[in-house]
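**Student:** Before anything else, here's the structure in question.
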Amino acid sequence: MHESNGFRVLEENLHYSANALMRTWPSRFPDEDTAEKYANNPEKIANKVYGGRMGNVEDGDGWKYHGRGLIQLTGKDNYANCGSGLGVDLLSNPEWVATPEYAALSAGWFWNKKGLNDLADTMDIETMTKRINGGTLGIDDRKAKIRMVMQKLAT
């Protein structure tokens, strides 16, 4: 729910102001001058923040393989591995992950690959969050959403 804004967003929103860039990626945007050069330019932002990692080695890979789907699948390696697992060519068709079918399938693939079921069963939200996005960004929202779902399931 957190990654897709309540299952409503299937593609990462990279429209960041300079201040938001410095808050979200302080190591990549250490000052306002640097951040201003990228502000409100989603393609340029994606190439800077995702380039050179997660299998993104070619110019433009950061944008081509930016977050999509219900879990915001990100990075060429994830697209390749997910596509292989699902039996489709997501490297050539990364936009498919933003369709309802592949948004759901890619989330299921990622959930299974990262072993999130066991963590969900034990309510280890912090470790789940780290496995999903590498840190604890959004953990308070995640906890609130899980509490809401658990309350609904209990009724």
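Here's how to read the names in the structure tokens: chain A, B, ... by the order shown, residue numbers from 1 in each chain, ligand numbers from 1 in the order shown.
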Show me, as a PyMOL selection string, the residues that have an atom within 9 Å of A:Ile45 when counting only C-alpha atoms, minus same-chain residues fewer than 5 positions from it.

**Tutor:** chain A and resi 14-16+21+38-40+50+62-63

**Student:** Report as a ChimeraX atom specification all protein, DNA and RNA residues lying within 12 Å of A:Ser17, evaluated on only C-alpha atoms, omitting residues in the same chain fewer than 5 positions from it.

**Tutor:** /A:22-25,29,32,34-42,45

**Student:** May I have the selected residues written with N, CA, C and O atoms, as a short mmCIF file (atom, residue, chain, number, x, y, z; two decimals), in the first residue's frame?

**Tutor:**
```cif
data_model
loop_
_atom_site.label_atom_id
_atom_site.label_comp_id
_atom_site.auth_asym_id
_atom_site.auth_seq_id
_atom_site.Cartn_x
_atom_site.Cartn_y
_atom_site.Cartn_z
N MET A 22 17.16 17.18 -1.85
CA MET A 22 18.18 17.22 -0.79
C MET A 22 17.74 16.41 0.43
O MET A 22 18.57 15.78 1.07
N ARG A 23 16.44 16.40 0.73
CA ARG A 23 15.93 15.61 1.86
C ARG A 23 15.94 14.11 1.55
O ARG A 23 16.27 13.29 2.40
N THR A 24 15.54 13.76 0.33
CA THR A 24 15.39 12.35 -0.04
C THR A 24 16.71 11.67 -0.34
O THR A 24 16.94 10.53 0.05
N TRP A 25 17.60 12.37 -1.06
CA TRP A 25 18.90 11.82 -1.45
C TRP A 25 20.01 12.80 -1.09
O TRP A 25 20.66 13.38 -1.97
N PHE A 29 22.47 14.90 -3.62
CA PHE A 29 22.13 16.32 -3.79
C PHE A 29 22.52 17.05 -2.50
O PHE A 29 21.67 17.40 -1.68
N GLU A 32 22.00 23.09 -2.58
CA GLU A 32 20.92 23.62 -3.41
C GLU A 32 21.33 23.80 -4.87
O GLU A 32 20.54 23.56 -5.78
N THR A 34 23.40 22.00 -6.68
CA THR A 34 23.33 20.69 -7.35
C THR A 34 21.88 20.29 -7.56
O THR A 34 21.49 19.88 -8.66
N ALA A 35 21.07 20.41 -6.52
CA ALA A 35 19.67 19.99 -6.59
C ALA A 35 18.89 20.80 -7.63
O ALA A 35 18.05 20.23 -8.35
N GLU A 36 19.16 22.08 -7.73
CA GLU A 36 18.44 22.94 -8.69
C GLU A 36 18.64 22.48 -10.13
O GLU A 36 17.76 22.63 -10.97
N LYS A 37 19.78 21.89 -10.43
CA LYS A 37 20.07 21.43 -11.79
C LYS A 37 19.19 20.24 -12.19
O LYS A 37 19.07 19.94 -13.37
N TYR A 38 18.61 19.56 -11.20
CA TYR A 38 17.81 18.36 -11.44
C TYR A 38 16.33 18.55 -11.11
O TYR A 38 15.50 17.76 -11.56
N ALA A 39 16.01 19.56 -10.34
CA ALA A 39 14.65 19.75 -9.83
C ALA A 39 13.60 19.69 -10.93
O ALA A 39 13.78 20.25 -12.01
N ASN A 40 12.54 18.94 -10.65
CA ASN A 40 11.37 18.82 -11.54
C ASN A 40 11.71 18.28 -12.92
O ASN A 40 11.03 18.58 -13.90
N ASN A 41 12.76 17.46 -13.00
CA ASN A 41 13.13 16.80 -14.24
C ASN A 41 13.25 15.30 -13.95
O ASN A 41 14.33 14.79 -13.67
N PRO A 42 12.11 14.59 -13.98
CA PRO A 42 12.08 13.18 -13.57
C PRO A 42 13.12 12.29 -14.26
O PRO A 42 13.76 11.46 -13.60
N ILE A 45 16.58 13.12 -12.90
CA ILE A 45 16.66 12.66 -11.51
C ILE A 45 16.88 11.15 -11.47
O ILE A 45 17.77 10.66 -10.77
#
```

**Student:** If you count only C-alpha atoms, which residues fall within 12 Å of A:His2, apart from same-chain ones fewer than 3 positions away, as a list in words?

**Tutor:**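 Residues meeting the cut-off are Asn5, Gly6, Phe7, Arg8, Val9, Leu10, Glu12, Gly69, Leu70, Ile71, Gln72, Thr129, Ile132, Asn133, Leu137, Gly138, Ile139, Asp140, Asp141, Arg142, Lys143, Ala144, Lys145 and Ile146 of chain A.
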
**Student:** Could the residues in this selection be saved with C-alpha atoms as a PDB file, in the first residue's frame?

**Tutor:**
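That gives us again01.pdb:
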```pdb
ATOM      1  CA  ASN A   5      -0.074   5.094  -2.542  1.00  0.00           C
ATOM      2  CA  GLY A   6      -2.964   2.843  -1.629  1.00  0.00           C
ATOM      3  CA  PHE A   7      -2.799   0.794  -4.858  1.00  0.00           C
ATOM      4  CA  ARG A   8      -3.436   3.925  -6.951  1.00  0.00           C
ATOM      5  CA  VAL A   9       0.038   4.711  -8.361  1.00  0.00           C
ATOM      6  CA  LEU A  10       1.800   2.303 -10.704  1.00  0.00           C
ATOM      7  CA  GLU A  12       7.229   6.324  -9.457  1.00  0.00           C
ATOM      8  CA  GLY A  69       4.240  -1.520 -10.314  1.00  0.00           C
ATOM      9  CA  LEU A  70       2.596  -1.979  -6.944  1.00  0.00           C
ATOM     10  CA  ILE A  71       5.951  -2.469  -5.212  1.00  0.00           C
ATOM     11  CA  GLN A  72       7.818   0.013  -7.419  1.00  0.00           C
ATOM     12  CA  THR A 129      10.850  -1.997   4.788  1.00  0.00           C
ATOM     13  CA  ILE A 132      11.686  -3.306  -0.077  1.00  0.00           C
ATOM     14  CA  ASN A 133      13.559  -0.018  -0.356  1.00  0.00           C
ATOM     15  CA  LEU A 137      11.921   5.502   4.463  1.00  0.00           C
ATOM     16  CA  GLY A 138       8.172   5.702   5.062  1.00  0.00           C
ATOM     17  CA  ILE A 139       8.153   3.297   7.993  1.00  0.00           C
ATOM     18  CA  ASP A 140       5.581   5.298  10.002  1.00  0.00           C
ATOM     19  CA  ASP A 141       3.175   5.282   7.042  1.00  0.00           C
ATOM     20  CA  ARG A 142       3.781   1.565   6.535  1.00  0.00           C
ATOM     21  CA  LYS A 143       3.016   0.839  10.196  1.00  0.00           C
ATOM     22  CA  ALA A 144      -0.177   2.890  10.043  1.00  0.00           C
ATOM     23  CA  LYS A 145      -1.338   1.077   6.910  1.00  0.00           C
ATOM     24  CA  ILE A 146      -0.602  -2.328   8.431  1.00  0.00           C
TER      25      ILE A 146
END
```

**Student:** Quick check, in Å to one decimal: how far apart do atom CA of A:Met128 and atom CA of A:Leu116 lie?

**Tutor:**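 Going from atom CA of A:Met128 over to atom CA of A:Leu116, I get 6.2 Å.
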
**Student:** Hey, what's within 10 Å of A:Asn78 if we count only C-alpha atoms and toss same-chain stuff fewer than 5 positions away? As JSON, numbers by chain, please?

**Tutor:** {"A": [54, 55, 65, 73, 83, 84, 90, 91, 106, 110]}

**Student:** Which one of A:Lys64, A:Pro26, A:Thr136, A:Leu153 sits closest to A:Lys44 if you count only C-alpha atoms?

**Tutor:**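 Nearest candidate to A:Lys44 out of A:Lys64, A:Pro26, A:Thr136, A:Leu153: A:Lys64.
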
**Student:** Considering only C-alpha atoms, state which residue in the set A:Arg131, A:Arg53, A:Arg28, A:Lys76 is at the smallest distance from A:Gly115.

**Tutor:**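 Counting only C-alpha atoms, the residue closest to A:Gly115 is A:Arg131.
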
**Student:** If you measure from atom CA of A:Arg68 to atom CA of A:Asn47, what distance in Å do you get, rounded to one decimal?

**Tutor:**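 Between atom CA of A:Arg68 and atom CA of A:Asn47 the gap works out to 15.0 Å.
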